[in-house]
file upload.tsv (TSV, C-alpha atoms)
chain	number	residue	atom	x	y	z
L	3	MET	CA	22.55	-43.23	-39.87
L	4	ASN	CA	19.26	-44.13	-38.18
L	5	ALA	CA	18.83	-43.76	-34.42
L	6	THR	CA	15.80	-45.46	-32.90
L	7	PHE	CA	14.77	-44.22	-29.48
L	8	GLY	CA	12.46	-45.79	-26.91
L	9	MET	CA	12.94	-48.20	-24.01
L	10	THR	CA	15.50	-46.00	-22.28
L	11	GLY	CA	14.15	-46.38	-18.75
L	12	PRO	CA	15.67	-48.19	-15.74
L	13	ALA	CA	16.31	-51.89	-16.37
L	14	LYS	CA	15.22	-54.41	-13.74
L	15	SER	CA	16.42	-57.59	-15.47
L	16	LEU	CA	19.34	-58.78	-17.59
L	17	GLY	CA	17.23	-58.41	-20.73
L	18	GLY	CA	16.21	-54.92	-19.68
L	19	ALA	CA	19.84	-54.06	-18.95
L	20	LEU	CA	20.87	-55.13	-22.43
L	21	VAL	CA	18.11	-53.03	-23.96
L	22	LEU	CA	19.19	-50.10	-21.82
L	23	ALA	CA	22.83	-50.51	-22.81
L	24	GLY	CA	21.91	-50.64	-26.46
L	25	ALA	CA	19.70	-47.58	-26.17
L	26	LEU	CA	22.36	-45.61	-24.35
L	27	SER	CA	24.86	-46.47	-27.08
L	28	LEU	CA	22.67	-44.40	-29.41
L	29	THR	CA	23.72	-41.24	-27.62
L	30	ALA	CA	26.88	-40.99	-29.67
L	31	ALA	CA	25.10	-42.02	-32.84
L	32	ALA	CA	22.46	-39.38	-32.31
L	33	ALA	CA	25.06	-36.68	-32.74
L	34	THR	CA	25.67	-37.66	-36.37
L	35	ALA	CA	22.54	-39.56	-37.38
L	36	ASP	CA	20.31	-37.86	-39.90
L	37	THR	CA	17.24	-40.04	-39.34
L	38	PHE	CA	15.64	-40.39	-35.91
L	39	THR	CA	12.85	-42.86	-35.25
L	40	LEU	CA	10.57	-41.96	-32.32
L	41	ARG	CA	7.77	-43.93	-30.74
L	42	VAL	CA	4.57	-41.98	-30.18
L	43	GLY	CA	1.36	-43.35	-28.71
L	44	ALA	CA	-1.79	-43.01	-26.63
L	45	GLY	CA	-4.16	-45.31	-24.81
L	46	HIS	CA	-7.22	-44.02	-26.65
L	47	PRO	CA	-7.78	-44.63	-30.37
L	48	SER	CA	-7.24	-41.81	-32.81
L	49	GLY	CA	-10.59	-41.69	-34.59
L	50	PRO	CA	-13.03	-40.68	-31.81
L	51	SER	CA	-10.46	-39.08	-29.49
L	52	VAL	CA	-9.66	-35.52	-30.56
L	53	TYR	CA	-6.46	-35.19	-28.55
L	54	VAL	CA	-5.09	-38.38	-30.13
L	55	ASN	CA	-6.37	-37.58	-33.61
L	56	LEU	CA	-4.48	-34.28	-33.50
L	57	VAL	CA	-1.30	-36.21	-32.72
L	58	GLU	CA	-1.80	-38.46	-35.73
L	59	THR	CA	-3.10	-35.89	-38.22
L	60	PHE	CA	-1.19	-32.76	-37.15
L	61	PHE	CA	1.70	-33.30	-34.75
L	62	VAL	CA	3.34	-36.29	-36.42
L	63	PRO	CA	3.18	-35.13	-40.05
L	64	GLU	CA	4.07	-31.55	-39.14
L	65	VAL	CA	7.17	-32.56	-37.19
L	66	LYS	CA	8.30	-34.81	-40.04
L	67	LYS	CA	7.72	-32.07	-42.62
L	68	ARG	CA	9.43	-29.25	-40.70
L	69	VAL	CA	12.45	-31.32	-39.74
L	70	ALA	CA	12.91	-32.37	-43.37
L	71	GLU	CA	12.46	-28.81	-44.64
L	72	ARG	CA	14.48	-26.93	-42.06
L	73	THR	CA	17.29	-29.27	-41.00
L	74	ALA	CA	19.66	-31.82	-42.48
L	75	HIS	CA	17.85	-34.54	-40.52
L	76	LYS	CA	14.71	-36.65	-40.80
L	77	VAL	CA	12.30	-37.87	-38.16
L	78	GLU	CA	10.19	-40.99	-38.53
L	79	PHE	CA	7.54	-42.16	-36.09
L	80	ILE	CA	6.40	-45.56	-34.92
L	81	GLU	CA	2.78	-44.79	-34.01
L	82	GLY	CA	0.88	-46.79	-31.41
L	83	TYR	CA	-2.61	-45.52	-30.60
L	84	GLY	CA	-5.56	-47.27	-28.99
L	85	GLY	CA	-3.37	-48.89	-26.32
L	86	SER	CA	-1.21	-50.83	-28.78
L	87	ILE	CA	1.90	-49.71	-26.88
L	88	ALA	CA	0.53	-48.32	-23.60
L	89	GLY	CA	-2.96	-48.16	-22.11
L	90	VAL	CA	-4.81	-45.06	-20.96
L	91	ALA	CA	-3.54	-45.43	-17.39
L	92	ASP	CA	0.00	-46.40	-18.41
L	93	THR	CA	1.06	-43.72	-20.88
L	94	LEU	CA	2.71	-41.36	-18.39
L	95	GLU	CA	4.83	-44.25	-17.13
L	96	ALA	CA	5.55	-45.40	-20.69
L	97	VAL	CA	6.98	-41.97	-21.53
L	98	GLN	CA	8.89	-41.88	-18.25
L	99	THR	CA	10.62	-45.23	-18.87
L	100	GLY	CA	11.18	-44.59	-22.57
L	101	LEU	CA	8.80	-47.24	-23.87
L	102	LEU	CA	7.31	-44.21	-25.64
L	103	ASP	CA	9.36	-41.20	-26.66
L	104	ILE	CA	6.21	-39.08	-26.94
L	105	GLY	CA	2.83	-39.82	-25.39
L	106	ALA	CA	-0.61	-38.26	-25.21
L	107	TYR	CA	-2.80	-38.99	-22.21
L	108	CYS	CA	-5.43	-37.71	-19.83
L	109	PHE	CA	-4.27	-36.52	-16.43
L	110	CYS	CA	-7.53	-37.97	-15.13
L	111	PHE	CA	-5.92	-41.41	-15.12
L	112	GLU	CA	-3.06	-40.06	-13.00
L	113	SER	CA	-5.13	-38.58	-10.20
L	114	SER	CA	-2.35	-39.23	-7.68
L	115	LYS	CA	0.80	-38.39	-9.67
L	116	LEU	CA	-0.82	-35.40	-11.38
L	117	PHE	CA	-3.38	-34.46	-8.76
L	118	LEU	CA	-3.08	-30.68	-9.16
L	119	ASN	CA	-3.17	-30.84	-12.97
L	120	ASN	CA	-6.75	-32.07	-12.69
L	121	PHE	CA	-7.89	-28.75	-11.18
L	122	PRO	CA	-10.46	-27.96	-13.94
L	123	TYR	CA	-12.51	-30.92	-12.72
L	124	TRP	CA	-12.81	-29.29	-9.30
L	125	ALA	CA	-15.13	-26.54	-10.56
L	126	PRO	CA	-17.74	-28.04	-12.90
L	127	PHE	CA	-20.43	-25.99	-14.67
L	128	GLY	CA	-17.74	-23.62	-15.91
L	129	PRO	CA	-17.08	-22.24	-19.42
L	130	GLN	CA	-19.03	-24.13	-22.05
L	131	GLY	CA	-16.61	-23.71	-24.96
L	132	SER	CA	-13.36	-25.66	-25.28
L	133	ALA	CA	-11.46	-22.75	-26.84
L	134	ASP	CA	-12.41	-20.55	-23.88
L	135	ALA	CA	-11.52	-23.27	-21.40
L	136	MET	CA	-8.14	-23.80	-23.05
L	137	LYS	CA	-7.25	-20.12	-22.93
L	138	ILE	CA	-8.07	-19.94	-19.22
L	139	THR	CA	-6.33	-23.20	-18.36
L	140	ARG	CA	-3.17	-22.10	-20.16
L	141	ALA	CA	-3.24	-18.83	-18.21
L	142	VAL	CA	-3.35	-20.80	-14.95
L	143	TYR	CA	-0.39	-22.93	-16.07
L	144	ASP	CA	1.57	-19.77	-16.86
L	145	LEU	CA	0.81	-18.35	-13.41
L	146	HIS	CA	1.80	-21.59	-11.65
L	147	PRO	CA	4.95	-23.16	-13.15
L	148	GLU	CA	4.67	-26.20	-10.86
L	149	LEU	CA	1.87	-27.45	-13.12
L	150	THR	CA	4.48	-27.77	-15.88
L	151	THR	CA	7.66	-28.58	-13.96
L	152	VAL	CA	6.04	-31.58	-12.26
L	153	PHE	CA	6.44	-33.51	-15.50
L	154	THR	CA	10.20	-32.98	-15.64
L	155	LYS	CA	10.90	-32.96	-11.92
L	156	ASP	CA	8.93	-36.08	-11.00
L	157	HIS	CA	8.29	-37.99	-14.22
L	158	GLY	CA	11.26	-37.60	-16.55
L	159	GLN	CA	9.38	-35.88	-19.37
L	160	GLU	CA	8.42	-32.46	-20.60
L	161	LEU	CA	5.01	-31.07	-21.39
L	162	LEU	CA	4.79	-30.16	-25.08
L	163	GLY	CA	1.19	-28.99	-25.11
L	164	LEU	CA	-2.21	-29.27	-23.48
L	165	SER	CA	-5.41	-30.67	-24.94
L	166	GLY	CA	-8.65	-31.87	-23.41
L	167	TRP	CA	-12.22	-33.07	-23.70
L	168	ASP	CA	-15.23	-31.24	-25.06
L	169	ASN	CA	-18.26	-30.42	-22.89
L	170	TYR	CA	-19.31	-33.17	-20.48
L	171	HIS	CA	-22.91	-34.36	-20.46
L	172	LEU	CA	-24.56	-37.59	-19.31
L	173	GLY	CA	-25.69	-40.56	-21.37
L	174	THR	CA	-27.85	-43.25	-19.80
L	175	THR	CA	-29.68	-46.44	-20.68
L	176	MET	CA	-32.91	-45.00	-19.24
L	177	PRO	CA	-34.51	-41.54	-19.40
L	178	TRP	CA	-34.36	-39.32	-16.32
L	179	ALA	CA	-35.43	-35.80	-15.42
L	180	THR	CA	-34.33	-35.02	-11.86
L	181	VAL	CA	-31.26	-35.66	-9.77
L	182	ALA	CA	-33.40	-37.90	-7.57
L	183	ASP	CA	-33.87	-40.20	-10.56
L	184	LEU	CA	-30.13	-40.92	-10.52
L	185	LYS	CA	-29.97	-42.02	-6.90
L	186	GLY	CA	-28.35	-45.43	-6.71
L	187	VAL	CA	-27.76	-45.61	-10.47
L	188	LYS	CA	-24.29	-46.85	-11.44
L	189	ILE	CA	-22.54	-44.46	-13.82
L	190	GLY	CA	-19.10	-44.75	-15.34
L	191	GLY	CA	-16.49	-42.01	-15.54
L	192	ALA	CA	-12.82	-41.17	-15.14
L	193	GLY	CA	-11.42	-40.56	-11.66
L	194	PRO	CA	-11.57	-36.81	-11.02
L	195	ASN	CA	-15.14	-36.35	-12.31
L	196	LEU	CA	-16.63	-39.20	-10.29
L	197	PRO	CA	-17.41	-36.89	-7.33
L	198	TRP	CA	-19.87	-35.02	-9.57
L	199	LEU	CA	-21.96	-38.20	-9.48
L	200	GLU	CA	-21.64	-38.64	-5.74
L	201	TYR	CA	-23.20	-35.22	-5.16
L	202	ALA	CA	-26.20	-36.43	-7.18
L	203	GLY	CA	-26.53	-39.65	-5.20
L	204	ALA	CA	-25.46	-41.81	-8.13
L	205	VAL	CA	-22.95	-44.63	-7.73
L	206	PRO	CA	-19.71	-43.71	-9.55
L	207	VAL	CA	-17.76	-46.46	-11.29
L	208	GLN	CA	-14.17	-45.88	-12.35
L	209	SER	CA	-13.87	-46.86	-16.01
L	210	ALA	CA	-12.22	-46.03	-19.33
L	211	LEU	CA	-13.61	-45.34	-22.78
L	212	PRO	CA	-12.42	-48.57	-24.44
L	213	GLU	CA	-14.46	-50.69	-22.02
L	214	GLY	CA	-17.54	-48.46	-21.92
L	215	TYR	CA	-19.66	-49.99	-24.70
L	216	MET	CA	-19.58	-53.52	-23.32
L	217	SER	CA	-20.11	-52.33	-19.75
L	218	LEU	CA	-23.20	-50.35	-20.75
L	219	GLN	CA	-24.48	-53.25	-22.83
L	220	THR	CA	-24.06	-55.79	-20.03
L	221	GLY	CA	-25.31	-53.57	-17.21
L	222	VAL	CA	-22.04	-53.11	-15.33
L	223	TYR	CA	-23.30	-49.54	-15.16
L	224	ASN	CA	-26.21	-47.67	-16.71
L	225	GLY	CA	-24.64	-44.39	-17.75
L	226	TRP	CA	-21.49	-42.55	-18.73
L	227	LEU	CA	-20.29	-39.02	-18.00
L	228	MET	CA	-19.17	-38.26	-21.51
L	229	PHE	CA	-18.68	-35.52	-24.08
L	230	PRO	CA	-20.53	-35.77	-27.41
L	231	SER	CA	-17.53	-36.46	-29.66
L	232	ALA	CA	-16.59	-39.65	-27.83
L	233	TYR	CA	-20.15	-40.68	-26.93
L	234	LEU	CA	-20.84	-40.84	-30.66
L	235	GLY	CA	-17.40	-42.09	-31.67
L	236	PHE	CA	-17.51	-45.03	-29.28
L	237	LYS	CA	-21.19	-45.64	-30.17
L	238	PHE	CA	-22.34	-45.49	-26.56
L	239	HIS	CA	-25.70	-44.26	-27.87
L	240	GLU	CA	-26.47	-47.80	-29.01
L	241	PRO	CA	-26.70	-49.39	-25.54
L	242	ALA	CA	-27.47	-46.05	-23.81
L	243	PRO	CA	-29.56	-43.87	-26.18
L	244	ASN	CA	-30.62	-41.20	-23.67
L	245	TYR	CA	-28.21	-38.26	-23.82
L	246	THR	CA	-28.94	-35.40	-21.42
L	247	LEU	CA	-27.25	-32.06	-21.95
L	248	ILE	CA	-26.01	-30.82	-18.57
L	249	GLY	CA	-22.99	-28.68	-19.39
L	250	PHE	CA	-20.44	-29.66	-16.77
L	251	GLY	CA	-18.00	-27.97	-19.14
L	252	PRO	CA	-15.03	-29.00	-21.29
L	253	MET	CA	-11.93	-30.00	-19.34
L	254	MET	CA	-8.42	-29.21	-20.53
L	255	VAL	CA	-6.80	-32.10	-18.70
L	256	ASN	CA	-4.93	-33.91	-21.46
L	257	GLY	CA	-1.33	-33.44	-22.43
L	258	LEU	CA	1.31	-34.36	-24.98
L	259	THR	CA	4.67	-35.07	-23.37
L	260	ALA	CA	8.14	-36.12	-24.48
L	261	ASN	CA	10.74	-38.22	-22.68
L	262	SER	CA	13.43	-35.89	-21.32
L	263	ARG	CA	16.31	-38.19	-22.26
L	264	THR	CA	15.04	-38.49	-25.82
L	265	MET	CA	14.79	-34.72	-26.17
L	266	SER	CA	18.29	-34.21	-24.78
L	267	ARG	CA	19.78	-36.65	-27.31
L	268	LEU	CA	18.15	-35.12	-30.36
L	269	PRO	CA	19.89	-32.35	-32.30
L	270	ALA	CA	18.88	-29.00	-30.82
L	271	GLU	CA	17.10	-27.90	-33.99
L	272	VAL	CA	15.02	-31.10	-34.10
L	273	ALA	CA	14.03	-30.80	-30.44
L	274	ALA	CA	13.09	-27.17	-31.03
L	275	ILE	CA	10.74	-28.15	-33.85
L	276	ILE	CA	9.07	-30.79	-31.68
L	277	ARG	CA	8.46	-28.17	-29.00
L	278	GLU	CA	7.24	-25.67	-31.60
L	279	VAL	CA	4.70	-28.09	-33.03
L	280	GLY	CA	3.65	-29.06	-29.49
L	281	VAL	CA	2.71	-25.43	-28.82
L	282	GLU	CA	0.67	-25.37	-32.02
L	283	TYR	CA	-0.95	-28.70	-31.09
L	284	GLU	CA	-2.26	-26.99	-27.97
L	285	ALA	CA	-3.35	-23.91	-29.91
L	286	LYS	CA	-5.43	-26.07	-32.28
L	287	SER	CA	-7.00	-28.20	-29.56
L	288	GLY	CA	-9.70	-25.83	-28.28
L	289	ALA	CA	-11.29	-25.01	-31.63
L	290	THR	CA	-10.94	-28.62	-32.79
L	291	LEU	CA	-12.75	-29.83	-29.67
L	292	ASP	CA	-15.55	-27.29	-30.17
L	293	ALA	CA	-16.00	-28.50	-33.75
L	294	ALA	CA	-15.98	-32.12	-32.59
L	295	GLN	CA	-18.69	-31.38	-30.03
L	296	GLU	CA	-20.90	-29.82	-32.69
L	297	ARG	CA	-20.40	-32.81	-34.98
L	298	GLY	CA	-20.98	-35.18	-32.07
L	299	LEU	CA	-24.29	-33.65	-31.07
L	300	LYS	CA	-25.53	-33.64	-34.66
L	301	GLY	CA	-24.33	-37.20	-35.15
L	302	LEU	CA	-26.10	-38.41	-32.02
L	303	LYS	CA	-29.37	-36.88	-33.17
L	304	ASP	CA	-28.96	-38.28	-36.66
L	305	ALA	CA	-28.25	-41.72	-35.19
L	306	GLY	CA	-31.52	-41.65	-33.27
L	307	ALA	CA	-30.24	-40.87	-29.78
L	308	LYS	CA	-32.71	-39.07	-27.53
L	309	VAL	CA	-30.91	-35.80	-26.90
L	310	VAL	CA	-32.64	-33.62	-24.30
L	311	GLU	CA	-31.57	-30.63	-22.21
L	312	LEU	CA	-31.68	-30.83	-18.43
L	313	ALA	CA	-34.16	-28.42	-16.87
L	314	PRO	CA	-32.33	-25.25	-15.70
L	315	GLU	CA	-33.59	-25.59	-12.14
L	316	VAL	CA	-32.30	-29.17	-11.92
L	317	ARG	CA	-28.89	-28.11	-13.23
L	318	GLN	CA	-28.83	-25.21	-10.77
L	319	GLY	CA	-29.63	-27.52	-7.87
L	320	TRP	CA	-26.87	-29.92	-8.88
L	321	ALA	CA	-24.39	-27.04	-9.08
L	322	GLU	CA	-25.43	-25.73	-5.67
L	323	SER	CA	-24.90	-29.15	-4.11
L	324	MET	CA	-21.27	-28.98	-5.25
L	325	LEU	CA	-20.42	-25.64	-3.63
L	326	PRO	CA	-17.93	-27.24	-1.16
L	327	PHE	CA	-16.11	-29.24	-3.85
L	328	PRO	CA	-13.48	-26.74	-5.13
L	329	LYS	CA	-12.43	-25.81	-1.60
L	330	LYS	CA	-12.25	-29.48	-0.56
L	331	GLN	CA	-10.06	-30.43	-3.52
L	332	ALA	CA	-7.82	-27.39	-3.07
L	333	ALA	CA	-7.29	-28.32	0.57
L	334	ASP	CA	-6.41	-31.86	-0.47
L	335	ALA	CA	-3.79	-30.49	-2.87
L	336	ASN	CA	-2.41	-28.23	-0.12
L	337	ALA	CA	-2.00	-31.26	2.12
L	338	ARG	CA	0.05	-32.89	-0.63
L	339	GLY	CA	2.44	-29.92	-0.62
L	340	GLN	CA	0.93	-28.39	-3.74
L	341	SER	CA	-0.52	-24.93	-4.38
L	342	GLY	CA	-4.13	-26.08	-4.43
L	343	THR	CA	-5.79	-22.97	-3.04
L	344	ALA	CA	-3.70	-20.57	-5.12
L	345	VAL	CA	-4.37	-22.50	-8.34
L	346	MET	CA	-8.09	-22.75	-7.68
L	347	LYS	CA	-8.39	-19.06	-6.76
L	348	ASP	CA	-6.71	-18.04	-9.99
L	349	TYR	CA	-8.82	-20.42	-12.05
L	350	LEU	CA	-12.10	-19.18	-10.55
L	351	ARG	CA	-10.97	-15.58	-10.96
L	352	LEU	CA	-9.90	-15.98	-14.57
L	353	VAL	CA	-13.15	-17.68	-15.50
L	354	SER	CA	-15.12	-14.81	-13.98
L	355	GLU	CA	-12.90	-12.22	-15.69
L	356	SER	CA	-13.57	-13.93	-19.02
L	357	GLY	CA	-17.20	-12.87	-18.69
L	358	TYR	CA	-18.59	-16.30	-17.90
L	359	GLN	CA	-21.18	-16.33	-15.13
L	360	TRP	CA	-20.76	-19.21	-12.70
L	361	PRO	CA	-24.12	-20.74	-11.67
L	362	VAL	CA	-22.86	-20.78	-8.07
L	363	ALA	CA	-20.34	-18.74	-6.11
L	364	TYR	CA	-17.51	-21.24	-5.74
L	365	THR	CA	-14.68	-20.36	-3.35
L	366	ALA	CA	-11.22	-21.84	-2.95
L	367	GLU	CA	-10.80	-21.13	0.76
call {"tool": "encode", "arguments": {"input": "upload.tsv", "output": "structure tokens"}}
result
Amino acid sequence: MNATFGMTGPAKSLGGALVLAGALSLTAAAATADTFTLRVGAGHPSGPSVYVNLVETFFVPEVKKRVAERTAHKVEFIEGYGGSIAGVADTLEAVQTGLLDIGAYCFCFESSKLFLNNFPYWAPFGPQGSADAMKITRAVYDLHPELTTVFTKDHGQELLGLSGWDNYHLGTTMPWATVADLKGVKIGGAGPNLPWLEYAGAVPVQSALPEGYMSLQTGVYNGWLMFPSAYLGFKFHEPAPNYTLIGFGPMMVNGLTANSRTMSRLPAEVAAIIREVGVEYEAKSGATLDAAQERGLKGLKDAGAKVVELAPEVRQGWAESMLPFPKKQAADANARGQSGTAVMKDYLRLVSESGYQWPVAYTAE
């Protein structure tokens, strides 16, 4: 028997009600079915997006293989990357409603619903390696369960594993050398990192990777806050060939989640394998991101991009201008009834204990 999941969310029309009724009828079938078809997707494409590529090349095949080897069942996937099922800002909701059974997305596009989960953005110029950043971010999650339970409690899904972005730098259509050169310049980015630009006097523009190339080409904005793997993968270096190494740091703000109803209807041994592979997905993410950054930087240079390093004193000045930022964001989280100050204190402490030297003495209160 084959049970196909997906579209199990609340129905708001007769057609939706029929779909819901049909999906719910699979509950009984799921108990005896030996093949389960799950929808998995992400708003970003797989190729240049490490967190999505790991879903396609590791998570999906590994779940299929282990279920086949270790249970009497089979799992098949309908894969929808690059926004073919849900866009970058819609994937959380797609998993919540059941349009996707499993989704990968950046918390940066859910700056309201997942405000606290974006805490790494609040302290830029932190650890420069993704593997280090992942280890520290996971430790913060373990200290503060609300970062994990928010997915189940408020959004009908469970967090299978974290992932992220490699080290953020800045690509522009024109060369620049000082923060003053960026004053009034429009630069694209994703929600939680836009304040970094405001502190430099630049004009932040909320955007998403799939629309970046055309926007840079047509002058909607003249730069992108972007990590090397995607800057190369999306070919942003063609309209904006100046890539300045700043080192805002990698951000572990992506996640792979599964619809709670789907997980509850799967045989226990199948659900356990999905969770097991999700943990390993997270464990692979840091090193994979570090390797992608190295390839990205080499690829940009080979493609003719002008890769330069920001002068240390300019970077230091930018960092100093952002001293109030972690405290401000933590206070905002507190006002939302979340543990903003406690999370930020632990994050800053754990980074320092790792041996990394912050360029400025951030505080959370």
call {"tool": "closest_residue", "arguments": {"input": "upload.tsv", "among": "L:Trp226, L:Tyr245, L:Trp178, L:Phe238", "to": "L:Leu199", "atoms": "all atoms listed in the file"}}
result
L:Trp226
call {"tool": "closest_residue", "arguments": {"input": "upload.tsv", "among": "L:Leu149, L:Ile248, L:Ile138, L:Val255", "to": "L:Cys110", "atoms": "all atoms listed in the file"}}
result
L:Val255
call {"tool": "residues_around", "arguments": {"input": "upload.tsv", "residues": "stretch 87-101 of chain L", "least_positions_apart": "6", "cutoff": "10 Å", "atoms": "all atoms listed in the file", "output": "PDB file with C-alpha atoms, in the coordinates of the input"}}
result
ATOM      1  CA  PHE L   7      14.770 -44.220 -29.480  1.00  0.00           C
ATOM      2  CA  GLY L   8      12.460 -45.790 -26.910  1.00  0.00           C
ATOM      3  CA  MET L   9      12.940 -48.200 -24.010  1.00  0.00           C
ATOM      4  CA  THR L  10      15.500 -46.000 -22.280  1.00  0.00           C
ATOM      5  CA  GLY L  11      14.150 -46.380 -18.750  1.00  0.00           C
ATOM      6  CA  PRO L  12      15.670 -48.190 -15.740  1.00  0.00           C
ATOM      7  CA  ALA L  13      16.310 -51.890 -16.370  1.00  0.00           C
ATOM      8  CA  LEU L  22      19.190 -50.100 -21.820  1.00  0.00           C
ATOM      9  CA  ALA L  25      19.700 -47.580 -26.170  1.00  0.00           C
ATOM     10  CA  ARG L  41       7.770 -43.930 -30.740  1.00  0.00           C
ATOM     11  CA  VAL L  42       4.570 -41.980 -30.180  1.00  0.00           C
ATOM     12  CA  GLY L  43       1.360 -43.350 -28.710  1.00  0.00           C
ATOM     13  CA  ALA L  44      -1.790 -43.010 -26.630  1.00  0.00           C
ATOM     14  CA  GLY L  45      -4.160 -45.310 -24.810  1.00  0.00           C
ATOM     15  CA  HIS L  46      -7.220 -44.020 -26.650  1.00  0.00           C
ATOM     16  CA  PRO L  47      -7.780 -44.630 -30.370  1.00  0.00           C
ATOM     17  CA  GLU L  81       2.780 -44.790 -34.010  1.00  0.00           C
ATOM     18  CA  TYR L 107      -2.800 -38.990 -22.210  1.00  0.00           C
ATOM     19  CA  CYS L 108      -5.430 -37.710 -19.830  1.00  0.00           C
ATOM     20  CA  PHE L 109      -4.270 -36.520 -16.430  1.00  0.00           C
ATOM     21  CA  CYS L 110      -7.530 -37.970 -15.130  1.00  0.00           C
ATOM     22  CA  PHE L 111      -5.920 -41.410 -15.120  1.00  0.00           C
ATOM     23  CA  GLU L 112      -3.060 -40.060 -13.000  1.00  0.00           C
ATOM     24  CA  LYS L 115       0.800 -38.390  -9.670  1.00  0.00           C
ATOM     25  CA  LEU L 116      -0.820 -35.400 -11.380  1.00  0.00           C
ATOM     26  CA  PHE L 153       6.440 -33.510 -15.500  1.00  0.00           C
ATOM     27  CA  THR L 154      10.200 -32.980 -15.640  1.00  0.00           C
ATOM     28  CA  ASP L 156       8.930 -36.080 -11.000  1.00  0.00           C
ATOM     29  CA  HIS L 157       8.290 -37.990 -14.220  1.00  0.00           C
ATOM     30  CA  GLY L 158      11.260 -37.600 -16.550  1.00  0.00           C
ATOM     31  CA  GLN L 159       9.380 -35.880 -19.370  1.00  0.00           C
ATOM     32  CA  GLU L 160       8.420 -32.460 -20.600  1.00  0.00           C
ATOM     33  CA  ALA L 210     -12.220 -46.030 -19.330  1.00  0.00           C
ATOM     34  CA  LEU L 211     -13.610 -45.340 -22.780  1.00  0.00           C
ATOM     35  CA  PRO L 212     -12.420 -48.570 -24.440  1.00  0.00           C
ATOM     36  CA  GLY L 257      -1.330 -33.440 -22.430  1.00  0.00           C
ATOM     37  CA  LEU L 258       1.310 -34.360 -24.980  1.00  0.00           C
ATOM     38  CA  THR L 259       4.670 -35.070 -23.370  1.00  0.00           C
ATOM     39  CA  ALA L 260       8.140 -36.120 -24.480  1.00  0.00           C
ATOM     40  CA  ASN L 261      10.740 -38.220 -22.680  1.00  0.00           C
ATOM     41  CA  SER L 262      13.430 -35.890 -21.320  1.00  0.00           C
ATOM     42  CA  ARG L 263      16.310 -38.190 -22.260  1.00  0.00           C
ATOM     43  CA  THR L 264      15.040 -38.490 -25.820  1.00  0.00           C
TER      44      THR L 264
END
call {"tool": "atom_distance", "arguments": {"input": "upload.tsv", "atom1": "atom CA of L:Val310", "atom2": "atom CA of L:Leu247"}}
result
6.1 Å
call {"tool": "closest_residue", "arguments": {"input": "upload.tsv", "among": "L:Trp124, L:Tyr358, L:Tyr349, L:Trp167", "to": "L:Pro326", "atoms": "all atoms listed in the file"}}
result
L:Trp124
call {"tool": "residues_around", "arguments": {"input": "upload.tsv", "residues": "L:Trp360", "least_positions_apart": "4", "cutoff": "8 Å", "atoms": "only C-alpha atoms", "output": "number ranges by chain"}}
result
L: 127-128, 354, 364
call {"tool": "closest_residue", "arguments": {"input": "upload.tsv", "among": "L:Gly186, L:Pro241, L:Leu56, L:Pro126", "to": "L:Val279", "atoms": "all atoms listed in the file"}}
result
L:Leu56
call {"tool": "closest_residue", "arguments": {"input": "upload.tsv", "among": "L:Met216, L:Ala321, L:Val353, L:Leu234", "to": "L:Gly49", "atoms": "all atoms listed in the file"}}
result
L:Leu234
call {"tool": "atom_distance", "arguments": {"input": "upload.tsv", "atom1": "atom CA of L:Val207", "atom2": "atom CA of L:Ile189"}}
result
5.8 Å
call {"tool": "closest_residue", "arguments": {"input": "upload.tsv", "among": "L:Gly193, L:Pro243, L:Gly288, L:Gly131", "to": "L:Met176", "atoms": "only C-alpha atoms"}}
result
L:Pro243
call {"tool": "decode", "arguments": {"input": "upload.tsv", "residues": "stretch 275-302 of chain L", "atoms": "C-alpha atoms", "output": "PDB file, in the first residue's frame"}}
result
ATOM      1  CA  ILE L 275      15.158   7.241  10.982  1.00  0.00           C
ATOM      2  CA  ILE L 276      14.020  10.628   9.682  1.00  0.00           C
ATOM      3  CA  ARG L 277      15.020  12.204  12.995  1.00  0.00           C
ATOM      4  CA  GLU L 278      18.312  10.316  13.005  1.00  0.00           C
ATOM      5  CA  VAL L 279      19.252  11.524   9.536  1.00  0.00           C
ATOM      6  CA  GLY L 280      18.146  15.048  10.487  1.00  0.00           C
ATOM      7  CA  VAL L 281      20.706  15.061  13.300  1.00  0.00           C
ATOM      8  CA  GLU L 282      23.386  13.934  10.861  1.00  0.00           C
ATOM      9  CA  TYR L 283      22.263  16.583   8.353  1.00  0.00           C
ATOM     10  CA  GLU L 284      23.062  19.179  11.001  1.00  0.00           C
ATOM     11  CA  ALA L 285      26.375  17.524  11.862  1.00  0.00           C
ATOM     12  CA  LYS L 286      27.477  17.679   8.211  1.00  0.00           C
ATOM     13  CA  SER L 287      26.360  21.265   7.644  1.00  0.00           C
ATOM     14  CA  GLY L 288      29.229  23.160   9.282  1.00  0.00           C
ATOM     15  CA  ALA L 289      32.092  21.434   7.479  1.00  0.00           C
ATOM     16  CA  THR L 290      30.143  21.428   4.204  1.00  0.00           C
ATOM     17  CA  LEU L 291      29.592  25.177   4.486  1.00  0.00           C
ATOM     18  CA  ASP L 292      33.285  25.776   5.207  1.00  0.00           C
ATOM     19  CA  ALA L 293      34.219  23.775   2.107  1.00  0.00           C
ATOM     20  CA  ALA L 294      31.653  25.675   0.045  1.00  0.00           C
ATOM     21  CA  GLN L 295      33.105  28.999   1.179  1.00  0.00           C
ATOM     22  CA  GLU L 296      36.584  27.937   0.124  1.00  0.00           C
ATOM     23  CA  ARG L 297      35.306  26.824  -3.274  1.00  0.00           C
ATOM     24  CA  GLY L 298      33.274  30.004  -3.591  1.00  0.00           C
ATOM     25  CA  LEU L 299      36.193  32.324  -2.948  1.00  0.00           C
ATOM     26  CA  LYS L 300      38.405  30.438  -5.381  1.00  0.00           C
ATOM     27  CA  GLY L 301      35.634  30.389  -7.960  1.00  0.00           C
ATOM     28  CA  LEU L 302      35.050  34.125  -7.664  1.00  0.00           C
TER      29      LEU L 302
END
